[in-house]
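Q: Here you go, structure24.cif (mmCIF, C-alpha atoms):
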data_my_file
#
loop_
_atom_site.label_atom_id
_atom_site.label_comp_id
_atom_site.auth_asym_id
_atom_site.auth_seq_id
_atom_site.Cartn_x
_atom_site.Cartn_y
_atom_site.Cartn_z
CA MET A 1 19.34 -0.61 -39.07
CA GLN A 2 15.83 0.87 -39.31
CA ARG A 3 14.36 -2.62 -38.95
CA LEU A 4 16.33 -3.18 -35.73
CA LEU A 5 15.26 0.24 -34.43
CA ASP A 6 11.63 -0.59 -35.19
CA GLU A 7 11.84 -3.98 -33.46
CA LEU A 8 13.60 -2.60 -30.39
CA GLY A 9 11.15 0.30 -30.21
CA ARG A 10 8.26 -2.18 -29.88
CA LEU A 11 9.65 -3.51 -26.60
CA PRO A 12 7.90 -2.19 -23.47
CA GLY A 13 9.61 0.81 -21.90
CA ILE A 14 11.93 1.37 -24.85
CA GLY A 15 11.34 4.60 -26.75
CA PRO A 16 13.07 5.78 -29.95
CA LYS A 17 16.09 7.16 -28.05
CA SER A 18 16.65 3.99 -26.02
CA ALA A 19 16.25 1.91 -29.17
CA GLN A 20 18.94 3.96 -30.89
CA ARG A 21 21.28 3.66 -27.90
CA ILE A 22 20.86 -0.13 -27.85
CA ALA A 23 21.26 -0.42 -31.63
CA TYR A 24 24.53 1.52 -31.59
CA TYR A 25 25.74 -0.54 -28.62
CA LEU A 26 25.09 -3.73 -30.62
CA LEU A 27 26.84 -2.29 -33.70
CA GLU A 28 29.89 -1.34 -31.67
CA SER A 29 30.17 -4.57 -29.69
CA ASP A 30 31.72 -7.70 -31.17
CA ALA A 31 29.74 -10.16 -33.28
CA GLU A 32 29.81 -12.79 -30.53
CA ARG A 33 27.89 -10.60 -28.11
CA ALA A 34 25.18 -9.81 -30.66
CA ARG A 35 24.89 -13.52 -31.51
CA ARG A 36 24.51 -14.44 -27.82
CA LEU A 37 21.64 -11.97 -27.42
CA ALA A 38 19.93 -13.25 -30.57
CA ASP A 39 20.38 -16.87 -29.42
CA ALA A 40 18.99 -16.08 -25.97
CA ILE A 41 15.91 -14.52 -27.56
CA LEU A 42 15.37 -17.54 -29.83
CA ASP A 43 16.04 -20.03 -27.03
CA VAL A 44 13.58 -18.49 -24.62
CA LYS A 45 10.84 -18.77 -27.23
CA GLN A 46 11.78 -22.33 -28.10
CA GLN A 47 12.29 -23.75 -24.62
CA VAL A 48 9.88 -21.89 -22.39
CA HIS A 49 6.27 -23.00 -22.49
CA PHE A 50 3.30 -22.94 -20.14
CA CYS A 51 3.29 -25.38 -17.23
CA PRO A 52 0.42 -27.82 -17.94
CA VAL A 53 -0.51 -27.83 -14.22
CA CYS A 54 -0.44 -24.17 -13.14
CA PHE A 55 0.05 -22.30 -16.47
CA SER A 56 3.07 -20.40 -15.23
CA TYR A 57 6.21 -20.47 -17.41
CA ALA A 58 8.15 -23.73 -17.45
CA THR A 59 11.21 -25.16 -19.14
CA GLY A 60 10.80 -28.75 -17.96
CA ASP A 61 7.67 -30.91 -17.99
CA THR A 62 6.17 -28.72 -15.28
CA CYS A 63 7.35 -25.43 -13.76
CA ASN A 64 9.90 -25.31 -10.93
CA VAL A 65 7.24 -24.77 -8.28
CA CYS A 66 4.98 -27.62 -9.39
CA ALA A 67 8.04 -29.90 -9.65
CA ASP A 68 9.15 -29.08 -6.09
CA SER A 69 7.58 -31.64 -3.76
CA SER A 70 8.74 -29.67 -0.71
CA ARG A 71 6.16 -26.96 -1.46
CA ASP A 72 2.93 -27.05 0.54
CA GLN A 73 0.56 -28.98 -1.73
CA THR A 74 -2.56 -28.03 0.25
CA ILE A 75 -2.61 -24.35 -0.70
CA VAL A 76 -2.90 -22.67 -4.11
CA CYS A 77 -2.29 -18.98 -4.78
CA VAL A 78 -4.32 -17.82 -7.80
CA VAL A 79 -2.74 -15.00 -9.81
CA SER A 80 -3.51 -13.33 -13.10
CA GLU A 81 -0.18 -13.57 -14.96
CA PRO A 82 3.09 -15.57 -14.75
CA ARG A 83 4.95 -12.39 -13.73
CA ASP A 84 2.75 -12.24 -10.61
CA VAL A 85 4.19 -15.62 -9.59
CA SER A 86 7.64 -14.02 -9.59
CA ALA A 87 6.35 -11.11 -7.50
CA VAL A 88 4.89 -13.42 -4.83
CA GLU A 89 8.01 -15.63 -4.88
CA ARG A 90 10.21 -12.58 -4.24
CA THR A 91 8.37 -11.90 -0.96
CA GLY A 92 9.58 -15.20 0.48
CA ALA A 93 6.30 -15.26 2.44
CA TYR A 94 4.65 -18.06 0.47
CA HIS A 95 5.52 -21.74 0.14
CA GLY A 96 2.49 -23.26 -1.55
CA LEU A 97 1.54 -23.80 -5.19
CA TYR A 98 0.23 -21.38 -7.83
CA HIS A 99 -2.43 -21.25 -10.50
CA VAL A 100 -2.14 -18.66 -13.28
CA LEU A 101 -5.45 -17.56 -14.79
CA GLY A 102 -3.88 -16.00 -17.88
CA GLY A 103 -5.79 -12.74 -17.44
CA VAL A 104 -8.79 -11.35 -15.58
CA ILE A 105 -12.52 -11.31 -16.25
CA SER A 106 -13.17 -8.25 -18.40
CA PRO A 107 -16.53 -7.92 -20.17
CA MET A 108 -15.17 -4.90 -22.10
CA ASP A 109 -12.51 -7.10 -23.69
CA LYS A 110 -14.92 -10.03 -24.00
CA ILE A 111 -12.91 -12.10 -21.52
CA GLY A 112 -15.07 -14.31 -19.34
CA PRO A 113 -14.17 -17.28 -17.10
CA GLU A 114 -14.15 -19.54 -20.22
CA GLN A 115 -11.21 -17.57 -21.66
CA LEU A 116 -9.19 -18.07 -18.45
CA HIS A 117 -7.74 -21.22 -16.84
CA VAL A 118 -10.67 -21.47 -14.42
CA LYS A 119 -11.87 -24.91 -15.52
CA GLU A 120 -8.35 -26.29 -14.96
CA LEU A 121 -8.31 -24.73 -11.46
CA LEU A 122 -11.59 -26.44 -10.57
CA THR A 123 -10.19 -29.74 -11.87
CA ARG A 124 -7.15 -29.31 -9.59
CA LEU A 125 -9.40 -28.64 -6.62
CA ALA A 126 -11.54 -31.70 -7.37
CA SER A 127 -8.71 -34.00 -6.24
CA GLY A 128 -9.43 -32.90 -2.67
CA GLU A 129 -5.80 -32.30 -1.69
CA VAL A 130 -6.07 -28.49 -1.80
CA GLN A 131 -7.50 -27.00 1.39
CA GLU A 132 -7.07 -23.29 0.75
CA VAL A 133 -7.13 -21.02 -2.29
CA ILE A 134 -5.61 -17.54 -1.91
CA LEU A 135 -7.01 -15.11 -4.46
CA ALA A 136 -4.13 -12.78 -5.39
CA THR A 137 -5.47 -10.93 -8.42
CA ASN A 138 -4.77 -7.18 -8.56
CA THR A 139 -6.87 -4.88 -6.41
CA ASP A 140 -8.19 -2.92 -9.38
CA VAL A 141 -11.82 -3.27 -10.55
CA GLU A 142 -11.26 -6.25 -12.85
CA GLY A 143 -9.00 -8.04 -10.38
CA GLU A 144 -11.57 -7.62 -7.61
CA ALA A 145 -14.40 -8.79 -9.87
CA THR A 146 -12.39 -11.87 -10.83
CA ALA A 147 -11.71 -12.62 -7.16
CA THR A 148 -15.42 -12.28 -6.34
CA TYR A 149 -16.37 -14.64 -9.17
CA LEU A 150 -13.80 -17.23 -8.12
CA SER A 151 -14.81 -17.00 -4.47
CA ARG A 152 -18.44 -17.74 -5.39
CA THR A 153 -17.39 -20.62 -7.61
CA ILE A 154 -14.90 -22.25 -5.25
CA LYS A 155 -16.54 -21.88 -1.81
CA PRO A 156 -19.39 -24.33 -2.61
CA LEU A 157 -16.67 -26.97 -3.17
CA GLY A 158 -15.82 -26.79 0.54
CA VAL A 159 -12.38 -25.27 -0.06
CA ARG A 160 -11.32 -22.36 2.16
CA VAL A 161 -11.06 -19.17 0.09
CA THR A 162 -8.94 -16.21 1.23
CA ARG A 163 -7.96 -12.85 -0.24
CA PHE A 164 -4.73 -11.06 0.57
CA ALA A 165 -4.93 -8.11 2.95
CA VAL A 166 -5.50 -4.61 1.61
CA GLY A 167 -4.41 -1.56 3.59
CA MET A 168 -1.35 0.47 4.52
CA SER A 169 1.94 -0.44 2.92
CA VAL A 170 4.84 -1.59 5.12
CA GLY A 171 6.86 1.44 6.21
CA GLY A 172 4.04 3.74 5.10
CA GLU A 173 2.96 7.00 6.68
CA VAL A 174 -0.69 7.56 7.59
CA GLU A 175 -0.48 11.14 6.39
CA LEU A 176 0.73 10.12 2.93
CA ALA A 177 -1.43 7.02 2.40
CA ASP A 178 -4.04 7.24 -0.35
CA GLU A 179 -7.55 7.66 1.03
CA LEU A 180 -8.97 4.42 -0.33
CA SER A 181 -6.18 2.25 1.07
CA LEU A 182 -6.24 4.00 4.47
CA GLY A 183 -10.03 3.60 4.56
CA ARG A 184 -9.73 -0.12 3.80
CA ALA A 185 -6.92 -0.44 6.36
CA ILE A 186 -9.26 0.89 9.05
CA GLU A 187 -12.26 -1.18 7.93
CA ASP A 188 -10.20 -4.38 7.75
CA ARG A 189 -8.33 -3.76 10.99
CA ARG A 190 -7.26 -6.85 12.87
CA GLU A 191 -7.30 -7.84 16.50
CA LEU A 192 -4.00 -7.53 18.38
CA MET B 1 13.63 41.32 1.43
CA GLN B 2 16.39 38.91 2.51
CA ARG B 3 14.63 38.40 5.84
CA LEU B 4 11.39 37.46 4.05
CA LEU B 5 13.32 35.11 1.75
CA ASP B 6 14.96 33.47 4.75
CA GLU B 7 11.66 33.05 6.58
CA LEU B 8 9.86 31.66 3.53
CA GLY B 9 12.79 29.34 2.79
CA ARG B 10 12.37 27.75 6.22
CA LEU B 11 8.87 26.53 5.34
CA PRO B 12 8.70 22.84 4.42
CA GLY B 13 8.85 22.15 0.68
CA ILE B 14 9.87 25.71 -0.20
CA GLY B 15 13.36 26.08 -1.59
CA PRO B 16 15.22 29.29 -2.49
CA LYS B 17 13.51 29.58 -5.90
CA SER B 18 9.99 29.10 -4.54
CA ALA B 19 10.75 31.56 -1.76
CA GLN B 20 11.81 34.15 -4.32
CA ARG B 21 8.71 33.52 -6.43
CA ILE B 22 6.44 34.01 -3.41
CA ALA B 23 8.34 37.07 -2.22
CA TYR B 24 7.99 38.78 -5.62
CA TYR B 25 4.32 37.81 -5.74
CA LEU B 26 3.79 39.51 -2.37
CA LEU B 27 5.73 42.60 -3.47
CA GLU B 28 3.68 42.90 -6.63
CA SER B 29 0.26 42.27 -5.04
CA ASP B 30 -1.58 45.02 -3.16
CA ALA B 31 -0.95 45.79 0.51
CA GLU B 32 -4.34 44.36 1.51
CA ARG B 33 -3.46 40.86 0.26
CA ALA B 34 -0.15 40.83 2.11
CA ARG B 35 -1.88 42.01 5.28
CA ARG B 36 -4.51 39.24 5.02
CA LEU B 37 -1.80 36.59 4.78
CA ALA B 38 0.09 38.06 7.74
CA ASP B 39 -3.14 38.22 9.76
CA ALA B 40 -4.04 34.64 8.91
CA ILE B 41 -0.63 33.49 10.10
CA LEU B 42 -0.93 35.40 13.37
CA ASP B 43 -4.54 34.30 13.92
CA VAL B 44 -3.83 30.62 13.48
CA LYS B 45 -1.13 30.82 16.14
CA GLN B 46 -3.37 32.78 18.49
CA GLN B 47 -6.61 30.86 18.11
CA VAL B 48 -5.58 27.28 17.46
CA HIS B 49 -4.50 25.24 20.44
CA PHE B 50 -4.41 21.57 21.40
CA CYS B 51 -7.72 19.92 22.30
CA PRO B 52 -7.46 19.08 26.02
CA VAL B 53 -9.22 15.74 25.40
CA CYS B 54 -7.55 14.25 22.31
CA PHE B 55 -4.61 16.64 21.68
CA SER B 56 -5.60 17.30 18.09
CA TYR B 57 -5.86 20.94 16.98
CA ALA B 58 -8.88 22.85 18.27
CA THR B 59 -10.26 26.38 18.04
CA GLY B 60 -13.08 25.97 20.56
CA ASP B 61 -12.94 24.41 24.03
CA THR B 62 -12.42 21.00 22.45
CA CYS B 63 -11.76 19.97 18.82
CA ASN B 64 -14.60 19.50 16.32
CA VAL B 65 -14.54 15.70 16.65
CA CYS B 66 -14.62 15.63 20.46
CA ALA B 67 -17.42 18.26 20.42
CA ASP B 68 -19.55 16.18 18.02
CA SER B 69 -21.83 13.98 20.10
CA SER B 70 -22.94 12.07 16.98
CA ARG B 71 -19.49 10.42 16.77
CA ASP B 72 -19.18 6.88 18.11
CA GLN B 73 -17.93 7.42 21.68
CA THR B 74 -16.98 3.76 22.17
CA ILE B 75 -14.02 3.70 19.79
CA VAL B 76 -10.79 5.70 19.79
CA CYS B 77 -8.30 5.85 16.91
CA VAL B 78 -4.78 6.53 18.21
CA VAL B 79 -2.54 8.48 15.82
CA SER B 80 0.86 10.07 16.08
CA GLU B 81 0.21 13.64 14.86
CA PRO B 82 -2.76 15.99 14.36
CA ARG B 83 -2.25 15.78 10.57
CA ASP B 84 -2.95 12.04 10.78
CA VAL B 85 -6.42 12.88 12.11
CA SER B 86 -7.07 14.80 8.88
CA ALA B 87 -5.82 11.84 6.82
CA VAL B 88 -8.17 9.39 8.54
CA GLU B 89 -11.08 11.87 8.35
CA ARG B 90 -10.58 12.21 4.58
CA THR B 91 -11.19 8.48 4.12
CA GLY B 92 -14.77 8.85 5.41
CA ALA B 93 -14.36 5.31 6.76
CA TYR B 94 -14.21 6.24 10.45
CA HIS B 95 -16.79 7.79 12.77
CA GLY B 96 -15.28 7.35 16.22
CA LEU B 97 -13.01 9.56 18.33
CA TYR B 98 -9.25 10.20 18.16
CA HIS B 99 -6.29 10.44 20.47
CA VAL B 100 -3.11 12.16 19.28
CA LEU B 101 0.09 10.94 20.90
CA GLY B 102 2.17 13.90 19.79
CA GLY B 103 4.92 11.70 18.38
CA VAL B 104 6.15 8.14 18.55
CA ILE B 105 8.38 6.22 20.92
CA SER B 106 11.96 6.77 19.74
CA PRO B 107 14.85 5.86 22.03
CA MET B 108 17.27 7.53 19.59
CA ASP B 109 15.52 10.88 20.16
CA LYS B 110 14.99 10.14 23.85
CA ILE B 111 11.20 10.02 23.41
CA GLY B 112 9.52 7.47 25.65
CA PRO B 113 5.86 6.99 26.61
CA GLU B 114 6.24 9.75 29.24
CA GLN B 115 6.96 12.30 26.51
CA LEU B 116 3.74 11.33 24.65
CA HIS B 117 0.06 11.71 25.60
CA VAL B 118 -0.12 8.08 26.75
CA LYS B 119 -1.09 8.81 30.36
CA GLU B 120 -4.02 10.93 29.12
CA LEU B 121 -5.10 8.06 26.84
CA LEU B 122 -5.14 5.63 29.75
CA THR B 123 -7.18 8.14 31.80
CA ARG B 124 -9.73 8.34 28.96
CA LEU B 125 -9.96 4.55 28.84
CA ALA B 126 -10.43 4.34 32.61
CA SER B 127 -13.95 5.80 32.28
CA GLY B 128 -15.03 2.46 30.77
CA GLU B 129 -16.99 3.96 27.87
CA VAL B 130 -14.36 3.11 25.23
CA GLN B 131 -14.61 -0.48 23.97
CA GLU B 132 -12.03 -0.47 21.16
CA VAL B 133 -8.74 1.29 20.48
CA ILE B 134 -7.48 1.30 16.89
CA LEU B 135 -3.71 1.79 16.73
CA ALA B 136 -3.07 3.87 13.61
CA THR B 137 0.56 4.89 13.99
CA ASN B 138 2.72 4.71 10.86
CA THR B 139 3.95 1.30 9.71
CA ASP B 140 7.61 2.26 9.97
CA VAL B 141 9.83 0.87 12.74
CA GLU B 142 9.00 3.51 15.36
CA GLY B 143 5.29 3.48 14.56
CA GLU B 144 5.16 -0.31 14.89
CA ALA B 145 7.14 -0.21 18.15
CA THR B 146 4.75 2.40 19.53
CA ALA B 147 1.75 0.26 18.52
CA THR B 148 3.29 -2.79 20.21
CA TYR B 149 3.93 -0.83 23.41
CA LEU B 150 0.37 0.56 23.48
CA SER B 151 -1.15 -2.84 22.76
CA ARG B 152 0.67 -4.37 25.73
CA THR B 153 -0.36 -1.46 27.96
CA ILE B 154 -4.03 -1.28 26.94
CA LYS B 155 -5.02 -4.94 26.54
CA PRO B 156 -4.75 -5.71 30.30
CA LEU B 157 -7.43 -3.00 30.83
CA GLY B 158 -9.92 -5.24 29.03
CA VAL B 159 -10.27 -2.90 26.03
CA ARG B 160 -10.25 -4.43 22.54
CA VAL B 161 -7.08 -3.37 20.69
CA THR B 162 -6.87 -3.44 16.89
CA ARG B 163 -4.32 -2.37 14.28
CA PHE B 164 -5.22 -1.24 10.79
CA ALA B 165 -4.63 -3.71 7.97
CA VAL B 166 -1.30 -3.79 6.14
CA GLY B 167 -1.06 -5.15 2.62
CA MET B 168 -1.78 -4.29 -0.99
CA SER B 169 -3.00 -0.78 -1.79
CA VAL B 170 -6.44 -0.34 -3.35
CA GLY B 171 -6.12 -0.43 -7.14
CA GLY B 172 -2.63 -1.90 -6.81
CA GLU B 173 -0.95 -4.41 -9.07
CA VAL B 174 0.64 -7.53 -7.60
CA GLU B 175 3.57 -7.20 -9.99
CA LEU B 176 4.38 -3.66 -8.87
CA ALA B 177 3.74 -4.06 -5.12
CA ASP B 178 6.78 -3.76 -2.86
CA GLU B 179 7.93 -7.12 -1.52
CA LEU B 180 7.34 -6.39 2.17
CA SER B 181 3.78 -5.20 1.66
CA LEU B 182 2.91 -8.09 -0.68
CA GLY B 183 4.41 -10.51 1.84
CA ARG B 184 2.34 -9.02 4.65
CA ALA B 185 -0.75 -9.05 2.41
CA ILE B 186 -0.37 -12.79 1.95
CA GLU B 187 0.42 -13.49 5.61
CA ASP B 188 -2.53 -11.39 6.83
CA ARG B 189 -4.96 -12.72 4.22
CA ARG B 190 -8.59 -12.80 5.26
CA GLU B 191 -11.35 -15.32 4.86
CA LEU B 192 -13.86 -14.64 2.06
#
Could you take the file, read its structure, and then write that structure out as structure tokens?
A:
Amino acid sequence: MQRLLDELGRLPGIGPKSAQRIAYYLLESDAERARRLADAILDVKQQVHFCPVCFSYATGDTCNVCADSSRDQTIVCVVSEPRDVSAVERTGAYHGLYHVLGGVISPMDKIGPEQLHVKELLTRLASGEVQEVILATNTDVEGEATATYLSRTIKPLGVRVTRFAVGMSVGGEVELADELSLGRAIEDRREL
Amino acid sequence: MQRLLDELGRLPGIGPKSAQRIAYYLLESDAERARRLADAILDVKQQVHFCPVCFSYATGDTCNVCADSSRDQTIVCVVSEPRDVSAVERTGAYHGLYHVLGGVISPMDKIGPEQLHVKELLTRLASGEVQEVILATNTDVEGEATATYLSRTIKPLGVRVTRFAVGMSVGGEVELADELSLGRAIEDRREL
């Protein structure tokens, strides 16, 4: 029991109380349910691997997006982590391909471009089919620095480089917006 | 005492408990402090009025922004309420003038352009000195509808009309961004 509590407690967002609640739930439920959870955990580790093209998660040879020939093959959205692919997919606003860096440039953590899937991105661009790269790393310091580095590296290849808009959120109130975002919203205003 | 509690309880963000805490604080503090608060409340109502140019709050003939000749006189930021002027000022990103509409277009509340300071805005633009109008109404449904209406009204006058950027917040994480804002961020991406 203590071993289960320890393992559950290591999961993100699960503190000692949640771990205990889950452990008791598993004890009280039938053996079949516990086995299904354990199997699902083992299966996901066995069957899910990184897509060799975009480095998102995949169960087949490539991920679902790379395998889908109906996606726009001329545009690549560069994100930091596989979970960011899910976030962009949920918007329904994007129909191109992805490239997952596997992190961001962070000198503090000794992560440079060599530790990320940058070389593989440049190889993809070399084929000439991609016409635009959208840099969709986070808007924090490391995400912005990574975007700046990639922009400088990719633009000389003759590929269009864009960055997503920064500003007010949809449905947001001017009065309640944080100062930095409102400032950027005004600086990056667009023509109507 | 009950009258004070009632009056305090009507203030925004002050519930019965906060009202009671403030009321007891006033009872326990010296008479001079209570008088200063009462005076400040009366003074603000006596001395603060709407700026006849931009309809923000003013204590002098015009508001501080309109009276400041060092501000860029060729650009006007249109906001819904005087408190939005403070929000934009706090960003430090803007050095032009303002125009406060005094609300937003809202058919449900029977508020049309005639109920707002739209006519006065058009009169200001007629002088020809203003070259750009930034529409900075909220990004909710009514704010967007008001911006659309103003854009259609102002553009035929030959004045450049812009809207602040909508997208990711500064320092934001792609994974945690709301879907609508992330979608807009990708749609409104900008060239690097």
Q: Between atom CA of B:Ala58 and atom CA of B:Gly102, measure the distance and give it in Å to one decimal.
A: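 Those two atoms sit 14.3 Å apart.
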Q: Let me make sure I understand: among B:Arg184, B:Met1, B:Tyr98, B:Asn64, which one has the smallest atom-to-atom distance to B:Leu26 if we use only C-alpha atoms?
A: B:Met1
Q: Please list as a ChimeraX atom specification every residue within 9 Å of B:Leu135, counting all atoms listed in the file and excluding residues in the same chain fewer than 5 positions away.
A: /B:76-79,146-147,150-151,161-164
Q: If we count only C-alpha atoms, which residues of chain A reach to within 6 Å of chain B? Please list them as a PyMOL selection string.
A: chain A and resi 84+87+91+93+138-140+161-175+179+181+183+185-186+188-192
Q: Could you give me, as a list of chain:residue names, the residues that have an atom at most 6 Å away from the point (11.6, -6.5, -31.8) in the coordinates of the file, using all atoms listed in the file?
A: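 I get A:Glu7, A:Leu8, A:Arg10 for the residues within 6 Å of that point.
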Q: Any chance you could build stretch 61-85 of chain A out to N, CA and C atoms and write it as a short mmCIF file (atom, residue, chain, number, x, y, z; two decimals), in the frame of the given file?
A:
data_model
loop_
_atom_site.label_atom_id
_atom_site.label_comp_id
_atom_site.auth_asym_id
_atom_site.auth_seq_id
_atom_site.Cartn_x
_atom_site.Cartn_y
_atom_site.Cartn_z
N ASP A 61 9.03 -30.40 -17.80
CA ASP A 61 7.67 -30.91 -17.99
C ASP A 61 6.66 -30.01 -17.28
N THR A 62 6.99 -29.68 -16.02
CA THR A 62 6.17 -28.72 -15.28
C THR A 62 7.09 -27.60 -14.82
N CYS A 63 6.52 -26.56 -14.22
CA CYS A 63 7.35 -25.43 -13.76
C CYS A 63 8.11 -25.84 -12.50
N ASN A 64 9.06 -25.01 -12.10
CA ASN A 64 9.90 -25.31 -10.93
C ASN A 64 9.09 -25.49 -9.65
N VAL A 65 8.04 -24.69 -9.51
CA VAL A 65 7.24 -24.77 -8.28
C VAL A 65 6.45 -26.07 -8.26
N CYS A 66 5.77 -26.39 -9.35
CA CYS A 66 4.98 -27.62 -9.39
C CYS A 66 5.87 -28.85 -9.23
N ALA A 67 7.13 -28.76 -9.72
CA ALA A 67 8.04 -29.90 -9.65
C ALA A 67 8.66 -30.08 -8.27
N ASP A 68 8.48 -29.07 -7.40
CA ASP A 68 9.15 -29.08 -6.09
C ASP A 68 8.21 -29.69 -5.05
N SER A 69 8.50 -30.94 -4.66
CA SER A 69 7.58 -31.64 -3.76
C SER A 69 7.66 -31.10 -2.34
N SER A 70 8.66 -30.23 -2.06
CA SER A 70 8.74 -29.67 -0.71
C SER A 70 7.76 -28.51 -0.52
N ARG A 71 7.14 -28.05 -1.60
CA ARG A 71 6.16 -26.96 -1.46
C ARG A 71 4.88 -27.51 -0.83
N ASP A 72 4.19 -26.66 -0.10
CA ASP A 72 2.93 -27.05 0.54
C ASP A 72 1.88 -27.32 -0.53
N GLN A 73 1.47 -28.58 -0.65
CA GLN A 73 0.56 -28.98 -1.73
C GLN A 73 -0.91 -28.72 -1.39
N THR A 74 -1.17 -28.19 -0.18
CA THR A 74 -2.56 -28.03 0.25
C THR A 74 -3.08 -26.61 0.01
N ILE A 75 -2.21 -25.74 -0.55
CA ILE A 75 -2.61 -24.35 -0.70
C ILE A 75 -2.21 -23.85 -2.09
N VAL A 76 -3.13 -23.17 -2.75
CA VAL A 76 -2.90 -22.67 -4.11
C VAL A 76 -3.15 -21.18 -4.14
N CYS A 77 -2.16 -20.43 -4.63
CA CYS A 77 -2.29 -18.98 -4.78
C CYS A 77 -2.66 -18.69 -6.24
N VAL A 78 -3.83 -18.09 -6.45
CA VAL A 78 -4.32 -17.82 -7.80
C VAL A 78 -3.92 -16.41 -8.22
N VAL A 79 -3.16 -16.31 -9.31
CA VAL A 79 -2.74 -15.00 -9.81
C VAL A 79 -3.18 -14.85 -11.26
N SER A 80 -3.05 -13.64 -11.75
CA SER A 80 -3.51 -13.33 -13.10
C SER A 80 -2.49 -13.73 -14.17
N GLU A 81 -1.21 -13.39 -13.95
CA GLU A 81 -0.18 -13.57 -14.96
C GLU A 81 1.05 -14.28 -14.40
N PRO A 82 1.86 -14.92 -15.24
CA PRO A 82 3.09 -15.57 -14.75
C PRO A 82 4.01 -14.60 -14.01
N ARG A 83 4.05 -13.32 -14.42
CA ARG A 83 4.95 -12.39 -13.73
C ARG A 83 4.51 -12.16 -12.29
N ASP A 84 3.21 -12.37 -11.99
CA ASP A 84 2.75 -12.24 -10.61
C ASP A 84 3.30 -13.36 -9.73
N VAL A 85 3.55 -14.53 -10.34
CA VAL A 85 4.19 -15.62 -9.59
C VAL A 85 5.56 -15.16 -9.10
#
